[in-house]
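One file, input.tsv, carrying TSV, C-alpha atoms and all ligand atoms:
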```tsv
chain	number	residue	atom	x	y	z
B	1041	MET	CA	0.34	123.39	44.48
B	1042	HIS	CA	1.14	123.28	40.81
B	1043	SER	CA	2.89	126.02	38.91
B	1044	ASP	CA	-0.15	127.58	37.25
B	1045	GLU	CA	-1.26	128.96	40.57
B	1046	THR	CA	1.43	131.59	40.41
B	1047	ASN	CA	0.89	132.43	36.80
B	1048	LEU	CA	-0.34	135.76	35.48
B	1049	SER	CA	-1.47	136.46	31.97
B	1050	LEU	CA	-1.04	139.44	29.70
B	1051	ILE	CA	-2.89	137.87	26.80
B	1052	ASP	CA	-5.57	140.24	25.44
B	1053	THR	CA	-4.65	143.04	27.83
B	1054	ARG	CA	-4.19	146.70	27.00
B	1055	ALA	CA	-1.60	149.05	28.40
B	1056	VAL	CA	-0.19	152.55	28.54
B	1057	ALA	CA	3.61	152.54	28.03
B	1058	VAL	CA	5.61	155.04	30.04
B	1059	ALA	CA	9.23	156.16	29.76
B	1060	LEU	CA	11.23	158.61	31.77
B	1061	ARG	CA	13.60	160.79	29.84
B	1062	VAL	CA	16.41	162.03	32.04
B	1063	GLN	CA	18.00	164.99	30.32
B	1064	PRO	CA	20.21	165.09	28.30
B	1065	GLN	CA	19.13	161.70	26.90
B	1066	PRO	CA	18.03	162.27	23.28
B	1067	VAL	CA	14.31	161.91	22.54
B	1068	TYR	CA	14.89	159.46	19.64
B	1069	GLU	CA	16.63	157.04	21.98
B	1070	VAL	CA	13.73	157.11	24.43
B	1071	GLU	CA	11.35	156.47	21.51
B	1072	GLU	CA	13.46	153.55	20.24
B	1073	HIS	CA	13.44	151.95	23.66
B	1074	LEU	CA	9.67	152.44	23.79
B	1075	ASP	CA	9.38	150.80	20.35
B	1076	GLU	CA	11.11	147.79	21.81
B	1077	LEU	CA	8.95	147.82	24.94
B	1078	GLU	CA	5.89	147.89	22.71
B	1079	GLU	CA	7.30	144.96	20.74
B	1080	LEU	CA	7.93	143.02	23.95
B	1081	ALA	CA	4.35	143.75	25.04
B	1082	ARG	CA	2.98	142.66	21.68
B	1083	SER	CA	4.94	139.42	21.88
B	1084	ALA	CA	3.31	138.78	25.28
B	1085	GLY	CA	-0.18	139.45	23.87
B	1086	CYS	CA	-0.63	142.97	25.26
B	1087	ARG	CA	-1.55	145.96	23.11
B	1088	VAL	CA	-0.06	149.36	23.86
B	1089	GLU	CA	-2.82	151.97	23.49
B	1090	ALA	CA	-0.80	155.06	24.36
B	1091	ARG	CA	2.71	156.22	25.14
B	1092	VAL	CA	3.81	158.78	27.66
B	1093	VAL	CA	7.29	160.27	27.91
B	1094	GLN	CA	8.04	162.28	31.01
B	1095	SER	CA	11.13	164.48	31.09
B	1096	ARG	CA	12.85	165.18	34.37
B	1097	SER	CA	16.34	166.04	35.54
B	1098	ALA	CA	16.34	162.93	37.76
B	1099	PRO	CA	13.91	160.12	38.64
B	1100	HIS	CA	11.48	160.95	41.43
B	1101	ALA	CA	12.48	158.87	44.44
B	1102	ARG	CA	8.98	157.81	45.49
B	1103	SER	CA	7.03	157.70	42.26
B	1104	PHE	CA	9.74	157.66	39.55
B	1105	ILE	CA	7.91	160.04	37.20
B	1106	GLY	CA	6.35	162.31	39.82
B	1107	GLY	CA	2.97	162.08	41.54
B	1108	GLY	CA	1.09	164.54	39.33
B	1109	LYS	CA	2.17	162.78	36.16
B	1110	ALA	CA	1.25	159.39	37.61
B	1111	GLU	CA	-2.23	160.66	38.40
B	1112	SER	CA	-2.81	161.86	34.86
B	1113	ILE	CA	-1.52	158.55	33.46
B	1114	GLY	CA	-4.04	156.75	35.67
B	1115	GLU	CA	-6.87	158.85	34.25
B	1116	GLN	CA	-5.71	158.32	30.70
B	1117	ALA	CA	-5.37	154.57	31.22
B	1118	ARG	CA	-8.88	154.29	32.60
B	1119	GLU	CA	-10.32	156.36	29.76
B	1120	LEU	CA	-8.67	154.02	27.26
B	1121	GLY	CA	-9.93	150.94	29.10
B	1122	CYS	CA	-6.40	149.73	29.89
B	1123	ASP	CA	-5.61	146.87	32.27
B	1124	LEU	CA	-2.10	147.88	33.25
B	1125	VAL	CA	0.69	150.43	32.92
B	1126	LEU	CA	4.12	149.46	31.61
B	1127	PHE	CA	7.32	151.26	32.53
B	1128	ASP	CA	10.39	151.03	30.31
B	1129	ASP	CA	12.79	151.24	33.24
B	1130	ASP	CA	13.20	149.10	36.28
B	1131	LEU	CA	11.32	150.32	39.33
B	1132	SER	CA	12.12	149.62	42.94
B	1133	PRO	CA	9.53	147.62	44.91
B	1134	SER	CA	8.43	150.77	46.76
B	1135	GLN	CA	8.08	152.73	43.51
B	1136	VAL	CA	5.83	149.99	42.14
B	1137	LYS	CA	3.71	150.14	45.27
B	1138	ASN	CA	3.43	153.94	45.24
B	1139	LEU	CA	2.65	154.07	41.54
B	1140	GLU	CA	-0.03	151.40	41.80
B	1141	LYS	CA	-1.66	153.29	44.64
B	1142	ILE	CA	-1.79	156.49	42.58
B	1143	ILE	CA	-2.65	154.89	39.24
B	1144	GLY	CA	-5.06	152.26	40.53
B	1145	LEU	CA	-3.92	149.62	38.05
B	1146	PRO	CA	-1.13	147.01	38.06
B	1147	VAL	CA	2.26	148.47	37.20
B	1148	LEU	CA	4.83	146.34	35.38
B	1149	ASP	CA	8.35	147.45	34.64
B	1150	ARG	CA	10.45	146.17	31.75
B	1151	SER	CA	11.88	143.28	33.78
B	1152	ALA	CA	8.45	142.13	34.89
B	1153	LEU	CA	7.27	142.23	31.28
B	1154	ILE	CA	10.23	140.23	30.00
B	1155	LEU	CA	9.76	137.68	32.76
B	1156	GLN	CA	6.09	137.36	31.88
B	1157	LEU	CA	6.92	136.90	28.22
B	1158	PHE	CA	9.48	134.21	29.08
B	1159	ARG	CA	6.91	132.53	31.28
B	1160	GLN	CA	4.51	132.26	28.36
B	1161	ARG	CA	7.22	130.85	26.09
B	1162	ALA	CA	9.09	128.34	28.21
B	1163	LYS	CA	8.50	124.76	27.15
B	1164	THR	CA	11.04	122.36	28.58
B	1165	ARG	CA	11.04	121.54	32.27
B	1166	GLU	CA	14.34	123.33	32.79
B	1167	ALA	CA	13.26	126.55	31.07
B	1168	ARG	CA	9.93	126.53	32.90
B	1169	THR	CA	11.62	126.08	36.25
B	1170	GLN	CA	14.21	128.77	35.52
B	1171	VAL	CA	11.64	131.31	34.42
B	1172	GLU	CA	9.15	130.68	37.16
B	1173	LEU	CA	11.88	130.99	39.77
B	1174	ALA	CA	13.10	134.28	38.32
B	1175	GLN	CA	9.58	135.64	38.11
B	1176	LEU	CA	8.63	134.72	41.66
B	1177	GLN	CA	11.85	136.17	43.08
B	1178	TYR	CA	11.09	139.36	41.23
B	1179	MET	CA	7.45	139.46	42.29
B	1180	LEU	CA	7.91	138.67	45.96
B	1181	PRO	CA	8.95	142.15	47.14
B	1182	ARG	CA	6.57	143.80	44.67
B	1183	LEU	CA	3.47	141.83	45.46
B	1184	THR	CA	0.50	144.14	45.94
B	1185	ARG	CA	-3.21	143.62	45.69
B	1186	TYR	CA	-3.09	144.99	42.14
B	1187	TRP	CA	-1.35	141.87	40.88
B	1188	ARG	CA	-4.56	140.03	41.67
B	1189	HIS	CA	-6.21	141.91	38.91
B	1190	LEU	CA	-3.94	140.12	36.42
B	1191	GLY	CA	-3.75	136.88	38.38
B	1192	ARG	CA	-7.51	136.49	38.21
B	1193	GLN	CA	-7.45	136.02	34.47
B	1194	ALA	CA	-5.19	133.00	34.65
B	1195	GLY	CA	-6.50	131.48	37.87
B	1196	GLY	CA	-3.48	132.98	39.58
B	1197	ILE	CA	-2.50	134.20	42.98
B	1198	GLY	CA	-5.07	135.61	45.36
B	1199	GLN	CA	-7.72	133.14	44.31
B	1200	ARG	CA	-8.78	132.10	47.76
B	1201	GLY	CA	-10.73	135.29	48.26
B	1202	GLY	CA	-10.27	137.89	50.98
B	1203	GLU	CA	-8.52	141.21	50.73
B	1204	GLY	CA	-5.92	143.16	52.61
B	1205	GLU	CA	-2.69	142.45	54.39
B	1206	LYS	CA	-3.66	139.01	55.64
B	1207	GLN	CA	-4.30	137.74	52.14
B	1208	LEU	CA	-1.08	139.33	50.91
B	1209	GLU	CA	0.86	137.64	53.67
B	1210	MET	CA	-0.62	134.29	52.63
B	1211	ASP	CA	0.36	134.92	49.04
B	1212	ARG	CA	3.89	135.81	50.09
B	1213	ARG	CA	4.27	132.69	52.19
B	1214	MET	CA	3.02	130.60	49.30
B	1215	LEU	CA	5.53	132.23	46.96
B	1216	ARG	CA	8.43	131.65	49.36
B	1217	ARG	CA	7.60	127.96	49.65
B	1218	ARG	CA	7.36	127.64	45.91
B	1219	ILE	CA	10.69	129.45	45.43
B	1220	GLY	CA	12.44	126.98	47.75
B	1221	ARG	CA	10.96	124.07	45.83
B	1222	LEU	CA	12.01	125.48	42.45
B	1223	GLU	CA	15.56	126.14	43.64
B	1224	ARG	CA	15.92	122.49	44.64
B	1225	ASP	CA	14.46	121.28	41.33
B	1226	LEU	CA	16.85	123.47	39.40
B	1227	GLU	CA	19.88	122.08	41.22
B	1228	THR	CA	18.86	118.56	40.23
B	1229	ILE	CA	18.32	119.59	36.61
B	1230	ALA	CA	21.66	121.41	36.48
B	1231	ARG	CA	23.50	118.32	37.78
B	1232	THR	CA	21.95	116.18	35.04
B	1233	ARG	CA	22.91	118.76	32.44
B	1234	THR	CA	26.57	118.82	33.53
B	1235	THR	CA	26.74	115.05	33.19
B	1236	GLN	CA	25.22	115.21	29.73
B	1237	ARG	CA	27.57	117.98	28.68
B	1238	SER	CA	30.71	116.11	29.69
B	1239	GLY	CA	29.60	113.23	27.49
B	1240	ARG	CA	29.53	115.49	24.44
B	1241	ARG	CA	32.89	117.18	24.75
B	1242	ASN	CA	34.70	115.51	21.92
B	1243	ALA	CA	32.81	117.38	19.19
B	1244	PHE	CA	33.63	120.98	18.20
B	1245	GLN	CA	30.81	123.14	19.57
B	1246	VAL	CA	29.48	126.24	17.88
B	1247	SER	CA	26.79	128.26	19.62
B	1248	LEU	CA	24.59	130.94	18.09
B	1249	ALA	CA	24.26	134.00	20.27
B	1250	GLY	CA	22.86	137.47	19.70
B	1251	TYR	CA	19.99	139.84	20.22
B	1252	THR	CA	16.48	138.46	20.08
B	1253	ASN	CA	14.87	138.19	16.60
B	1254	VAL	CA	18.14	138.54	14.65
B	1255	GLY	CA	17.62	135.16	12.96
B	1256	LYS	CA	19.60	132.70	15.11
B	1257	SER	CA	17.05	129.89	14.77
B	1258	THR	CA	16.70	130.47	11.03
B	1259	LEU	CA	20.47	130.23	10.67
B	1260	PHE	CA	20.56	127.18	12.95
B	1261	ASN	CA	17.97	125.49	10.74
B	1262	ARG	CA	19.94	126.25	7.62
B	1263	LEU	CA	23.23	125.03	9.10
B	1264	THR	CA	21.74	121.83	10.50
B	1265	ARG	CA	18.84	121.25	8.12
B	1266	SER	CA	16.37	121.15	10.99
B	1267	ASP	CA	13.17	122.91	11.94
B	1268	ALA	CA	13.64	124.93	15.14
B	1269	PHE	CA	10.82	127.38	15.88
B	1270	VAL	CA	11.19	130.62	13.90
B	1271	GLN	CA	8.90	133.55	14.46
B	1272	ASN	CA	8.93	137.29	13.96
B	1273	GLN	CA	8.58	137.96	17.66
B	1274	LEU	CA	10.88	138.58	20.57
B	1275	PHE	CA	12.14	135.51	22.44
B	1276	ALA	CA	10.74	132.89	20.09
B	1277	THR	CA	13.43	130.55	21.41
B	1278	LEU	CA	13.84	129.86	25.09
B	1279	ASP	CA	15.13	126.33	25.16
B	1280	SER	CA	18.53	125.48	23.86
B	1281	LYS	CA	18.68	123.07	21.03
B	1282	LEU	CA	21.73	121.07	19.94
B	1283	ARG	CA	22.26	119.49	16.57
B	1284	ARG	CA	25.04	118.31	14.32
B	1285	GLY	CA	25.71	120.17	11.11
B	1286	SER	CA	28.21	119.81	8.32
B	1287	VAL	CA	30.78	122.54	7.70
B	1288	GLY	CA	32.13	120.99	4.51
B	1289	GLU	CA	35.05	118.72	3.65
B	1290	GLY	CA	33.44	115.91	5.59
B	1291	GLN	CA	33.58	117.73	8.90
B	1292	THR	CA	30.72	118.11	11.32
B	1293	VAL	CA	30.33	120.28	14.38
B	1294	VAL	CA	27.60	120.57	17.03
B	1295	PHE	CA	25.53	123.73	16.74
B	1296	ALA	CA	23.61	125.18	19.71
B	1297	ASP	CA	20.65	127.52	19.30
B	1298	THR	CA	19.61	129.41	22.43
B	1299	VAL	CA	17.72	132.26	24.00
B	1300	GLY	CA	18.33	135.74	22.60
B	1301	PHE	CA	19.64	138.78	24.42
B	1302	VAL	CA	17.82	141.99	25.15
B	1303	ARG	CA	18.87	145.31	26.61
B	1304	LYS	CA	18.17	145.68	30.32
B	1305	LEU	CA	17.93	141.91	30.73
B	1306	PRO	CA	16.56	141.40	34.24
B	1307	HIS	CA	19.20	140.49	36.76
B	1308	HIS	CA	17.18	137.56	38.15
B	1309	LEU	CA	16.62	136.22	34.71
B	1310	VAL	CA	20.31	136.19	33.93
B	1311	ALA	CA	20.95	134.38	37.22
B	1312	SER	CA	18.37	131.68	36.58
B	1313	PHE	CA	19.39	131.27	32.95
B	1314	ARG	CA	22.96	130.87	34.06
B	1315	SER	CA	23.24	127.22	33.08
B	1316	THR	CA	21.77	127.86	29.63
B	1317	LEU	CA	24.06	130.83	29.11
B	1318	GLU	CA	27.02	128.89	30.42
B	1319	GLU	CA	26.44	126.43	27.63
B	1320	VAL	CA	26.68	129.30	25.14
B	1321	ALA	CA	29.86	130.44	26.83
B	1322	ALA	CA	31.42	126.98	26.97
B	1323	ALA	CA	31.30	126.56	23.19
B	1324	ASP	CA	34.53	126.39	21.19
B	1325	LEU	CA	33.20	129.10	18.91
B	1326	VAL	CA	30.39	131.60	19.45
B	1327	LEU	CA	28.68	133.05	16.40
B	1328	HIS	CA	27.54	136.54	17.40
B	1329	VAL	CA	24.62	136.99	15.01
B	1330	LEU	CA	23.51	140.53	14.08
B	1331	ASP	CA	20.48	141.75	12.12
B	1332	VAL	CA	21.97	144.44	9.89
B	1333	SER	CA	18.52	145.46	8.69
B	1334	HIS	CA	17.47	146.55	12.18
B	1335	PRO	CA	17.62	150.32	12.77
B	1336	THR	CA	19.52	149.89	16.03
B	1337	TRP	CA	21.71	146.89	15.17
B	1338	GLU	CA	24.84	148.64	16.36
B	1339	GLU	CA	23.38	149.13	19.82
B	1340	GLN	CA	22.23	145.49	19.78
B	1341	GLN	CA	25.79	144.50	18.93
B	1342	ARG	CA	27.10	146.46	21.92
B	1343	VAL	CA	24.58	144.80	24.24
B	1344	GLY	CA	25.50	141.37	22.87
B	1345	ALA	CA	29.23	142.00	23.18
B	1346	GLU	CA	28.80	143.11	26.80
B	1347	ILE	CA	26.81	140.02	27.72
B	1348	LEU	CA	29.35	137.74	26.02
B	1349	ALA	CA	32.19	139.49	27.84
B	1350	ASP	CA	30.28	139.08	31.13
B	1351	LEU	CA	29.98	135.39	30.43
B	1352	GLY	CA	33.73	135.19	29.99
B	1353	VAL	CA	33.81	134.56	26.24
B	1354	GLU	CA	37.13	135.86	24.92
B	1355	ALA	CA	37.19	137.84	21.67
B	1356	ASP	CA	39.10	135.13	19.78
B	1357	ARG	CA	36.25	132.67	20.33
B	1358	ILE	CA	33.70	135.06	18.78
B	1359	LEU	CA	32.86	135.16	15.10
B	1360	THR	CA	30.56	138.04	14.16
B	1361	VAL	CA	27.95	137.12	11.56
B	1362	PHE	CA	26.05	139.87	9.75
B	1363	ASN	CA	22.64	138.39	8.94
B	1364	LYS	CA	19.66	139.56	6.84
B	1365	VAL	CA	21.87	141.17	4.20
B	1366	ASP	CA	19.13	140.34	1.65
B	1367	ARG	CA	17.25	143.30	3.09
B	1368	LEU	CA	20.00	145.76	2.20
B	1369	ASP	CA	20.93	146.95	-1.23
B	1370	SER	CA	24.23	145.25	-1.96
B	1371	GLN	CA	26.35	148.40	-2.04
B	1372	ALA	CA	25.15	149.59	1.33
B	1373	PHE	CA	27.11	147.13	3.40
B	1374	GLU	CA	30.60	146.22	2.33
B	1375	GLY	CA	33.46	144.85	4.35
B	1376	PRO	CA	35.52	141.79	5.16
B	1377	GLU	CA	32.96	140.46	7.63
B	1378	VAL	CA	30.91	137.31	7.31
B	1379	ARG	CA	27.72	138.47	5.62
B	1380	VAL	CA	24.85	136.04	5.24
B	1381	SER	CA	21.17	135.71	4.64
B	1382	ALA	CA	19.74	132.83	6.64
B	1383	THR	CA	16.56	132.94	4.57
B	1384	THR	CA	18.05	133.04	1.05
B	1385	GLY	CA	21.22	131.07	1.86
B	1386	LEU	CA	23.52	133.83	0.65
B	1387	GLY	CA	27.01	133.60	2.18
B	1388	ILE	CA	26.29	130.38	4.08
B	1389	ASP	CA	29.09	128.47	2.36
B	1390	SER	CA	31.66	131.11	3.32
B	1391	LEU	CA	30.33	130.97	6.88
B	1392	ARG	CA	30.83	127.19	6.91
B	1393	GLU	CA	34.34	127.68	5.60
B	1394	GLU	CA	35.07	130.32	8.22
B	1395	ILE	CA	33.90	127.92	10.97
B	1396	ARG	CA	35.99	125.10	9.49
B	1397	ARG	CA	39.09	127.29	9.57
B	1398	ARG	CA	38.65	127.69	13.32
B	1399	ILE	CA	38.61	123.99	14.11
B	1400	PRO	CA	42.01	123.04	15.55
B	1401	THR	CA	43.70	120.29	13.57
B	1402	ARG	CA	43.67	117.82	16.46
B	1403	LEU	CA	39.90	117.79	16.14
B	1404	VAL	CA	39.75	117.19	12.42
B	1405	THR	CA	37.77	114.02	12.08
B	1406	VAL	CA	39.03	111.49	9.61
B	1407	THR	CA	36.02	109.97	7.97
B	1408	ALA	CA	36.07	106.84	5.87
B	1409	PRO	CA	35.47	107.54	2.19
B	1410	SER	CA	31.87	107.11	1.14
B	1411	GLU	CA	31.02	104.17	-1.09
B	1412	PHE	CA	30.92	106.56	-4.02
B	1413	GLU	CA	34.36	107.97	-3.25
B	1414	ALA	CA	35.72	104.51	-2.57
B	1415	ALA	CA	34.50	103.40	-5.98
B	1416	ALA	CA	36.11	106.47	-7.58
B	1417	LEU	CA	39.41	105.65	-5.85
B	1418	ARG	CA	39.32	102.06	-7.11
B	1419	ASP	CA	38.62	103.26	-10.63
B	1420	ASP	CA	41.69	105.52	-10.43
B	1421	ARG	CA	44.01	102.62	-9.94
B	1501	LIG	N1	14.81	138.96	5.40
B	1501	LIG	C1	15.36	138.10	6.26
B	1501	LIG	N2	14.66	137.69	7.34
B	1501	LIG	C2	15.25	136.82	8.19
B	1501	LIG	C3	16.57	136.33	7.98
B	1501	LIG	N3	16.88	135.49	9.01
B	1501	LIG	C4	15.79	135.45	9.80
B	1501	LIG	N4	14.80	136.25	9.32
B	1501	LIG	C5	13.46	136.48	9.92
B	1501	LIG	O1	13.64	137.09	11.19
B	1501	LIG	C6	12.63	136.65	12.11
B	1501	LIG	C7	13.27	136.09	13.37
B	1501	LIG	O2	13.96	134.90	13.05
B	1501	LIG	P1	14.36	133.83	14.18
B	1501	LIG	O3	15.24	132.83	13.51
B	1501	LIG	O4	13.17	133.35	14.94
B	1501	LIG	O5	15.25	134.75	15.14
B	1501	LIG	P2	15.96	134.37	16.53
B	1501	LIG	O6	17.24	135.14	16.58
B	1501	LIG	O7	16.04	132.90	16.67
B	1501	LIG	O8	14.94	135.00	17.56
B	1501	LIG	P3	14.66	134.62	19.09
B	1501	LIG	O9	14.59	133.13	19.21
B	1501	LIG	O10	13.36	135.30	19.33
B	1501	LIG	O11	15.78	135.21	19.88
B	1501	LIG	C8	11.79	135.62	11.35
B	1501	LIG	O12	10.64	136.28	10.84
B	1501	LIG	C9	12.72	135.17	10.23
B	1501	LIG	O13	12.02	134.72	9.09
B	1501	LIG	C10	17.28	136.80	6.82
B	1501	LIG	O14	18.43	136.44	6.54
B	1501	LIG	N5	16.62	137.68	6.01
B	1502	MG	MG	15.25	131.66	18.04
```

Kindly transcribe the structure held in the file into structure tokens.
Amino acid sequence: MHSDETNLSLIDTRAVAVALRVQPQPVYEVEEHLDELEELARSAGCRVEARVVQSRSAPHARSFIGGGKAESIGEQARELGCDLVLFDDDLSPSQVKNLEKIIGLPVLDRSALILQLFRQRAKTREARTQVELAQLQYMLPRLTRYWRHLGRQAGGIGQRGGEGEKQLEMDRRMLRRRIGRLERDLETIARTRTTQRSGRRNAFQVSLAGYTNVGKSTLFNRLTRSDAFVQNQLFATLDSKLRRGSVGEGQTVVFADTVGFVRKLPHHLVASFRSTLEEVAAADLVLHVLDVSHPTWEEQQRVGAEILADLGVEADRILTVFNKVDRLDSQAFEGPEVRVSATTGLGIDSLREEIRRRIPTRLVTVTAPSEFEAAALRDDR
């Protein structure tokens, strides 16, 4: 079996997006999270046709939003010709099953959506293996006949015909086998990576971390004069990329560009991206990049700081970089922080200087004078 057999596709699908507001959560916060869910959906190729916010004092145990509400969402979704219903919060496997039964369409929660988006993006063998593993582990307890509906479009699971429990059991067995295989593959890949990493340890490493779409790859390109993939979409980068860059005064460091963070990052995803994230964490210096033009950048900063703390990155190894300052009027954002614009180049030299200041002296590389400098030195004598 090759990996496409377990693939789903959200490309050209339409959805209703649903959020539960548990009082006293403010309405604007629920709407902001839905904005992001819609953005995640868009990045995966799925258009959100309608939004529903249900207020309750607590989630409904069986159906999360309540049976009556689920029924009306099902009707609305069918009227709008939708293919699926997205939930902003994580649902338990039994909630997914109950909701799908009531709604009559596939139900995806935020984690499932993020996993699907990652699946579409992953390019290198390691990223593909990591994402597929995370997705299958997530799907296994949630597998219902409704997933077929999506699987069909990509030649996915449930293709051998037949309905009912027997078919489901076959699908589950197939997934378990595939999961075992992927786990073994990943171990092999991780061993190779560790060997490669130990060979690189003499250079000062600087990794770029931060919320998705803040401009990490754009900044990476500017610092290393390269051409990593930049796109106004969530999770444009999934594969880490390493490259040397100059920080002035003849010194070079190794920069690492990696996957962005997002709030409510699925637990499985974090586990399978462990080796990628460990590389971020193992750097000598972590640039925590923020998009100061984003309406919720402060919340994104909190999410980023939590993830970095989880990964064991101490505060003194973090340098906060305020990006996209070109979008603000200059007075609006003052302070001693490192403020840059990766697109215009504003503040990049001070950033380089700031990085240089953090390189311990034992690592300062003594480079031979260039021919030009050598000539200048001779002339001096
Ligand atoms: N105005 C402005 N736009 C920027 C700046 N830096 C990046 N962008 C834009 O922001 C968008 C996202 O940039 P990326 O570099 O792909 O962001 P990223 O953090 O690598 O995103 P992911 O890989 O998805 O996590 C692109 O449309 C960039 O052109 C900046 O300094 N100013
Ligand atoms: Mg990127």

Neighbour list for Glu1223 of chain B as an NGL selection string, cut-off 9 Å, all atoms listed in the file, skip fewer than 3 positions in-chain: :B and (1169-1170 or 1173 or 1218-1220 or 1226-1228)

Cut-off 9 Å, all atoms listed in the file, neighbours of ligand MG 1502 (chain B) as a VMD selection string: chain B and resid 1252 to 1258 1260 1268 to 1271 1274 to 1279 1297 to 1300

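If all atoms listed in the file are the atoms counted, then among B:Ile1142, B:Cys1122, B:Leu1248, B:Ile1229 the closest residue to Glu1166 of chain B is B:Ile1229.
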
Length of the atom CA of Arg1087 of chain B to atom CA of Arg1054 of chain B vector [Å]: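 Atom-to-atom, atom CA of Arg1087 of chain B to atom CA of Arg1054 of chain B, that is 4.8 Å.
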
Centre, x/y/z edge lengths, axis-aligned box for ligand LIG 1501 (chain B) with 5 Å per side, as JSON:
```
{"center_x": 14.5, "center_y": 135.9, "center_z": 12.6, "size_x": 17.8, "size_y": 16.1, "size_z": 24.5}
```

Minimum-distance residue to ligand LIG 1501 (chain B), chosen among B:Glu1172, B:Asp1331, B:Glu1346, B:Asp1324 (using all atoms listed in the file):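 Nearest candidate to ligand LIG 1501 (chain B) out of B:Glu1172, B:Asp1331, B:Glu1346, B:Asp1324: B:Asp1331.
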
Residues within 10 Å of (25.6, 138.6, 25.4), file coords, all atoms listed in the file, listed as a PyMOL selection string: chain B and resi 1249-1251+1300-1303+1305+1317+1320-1321+1328+1340-1353
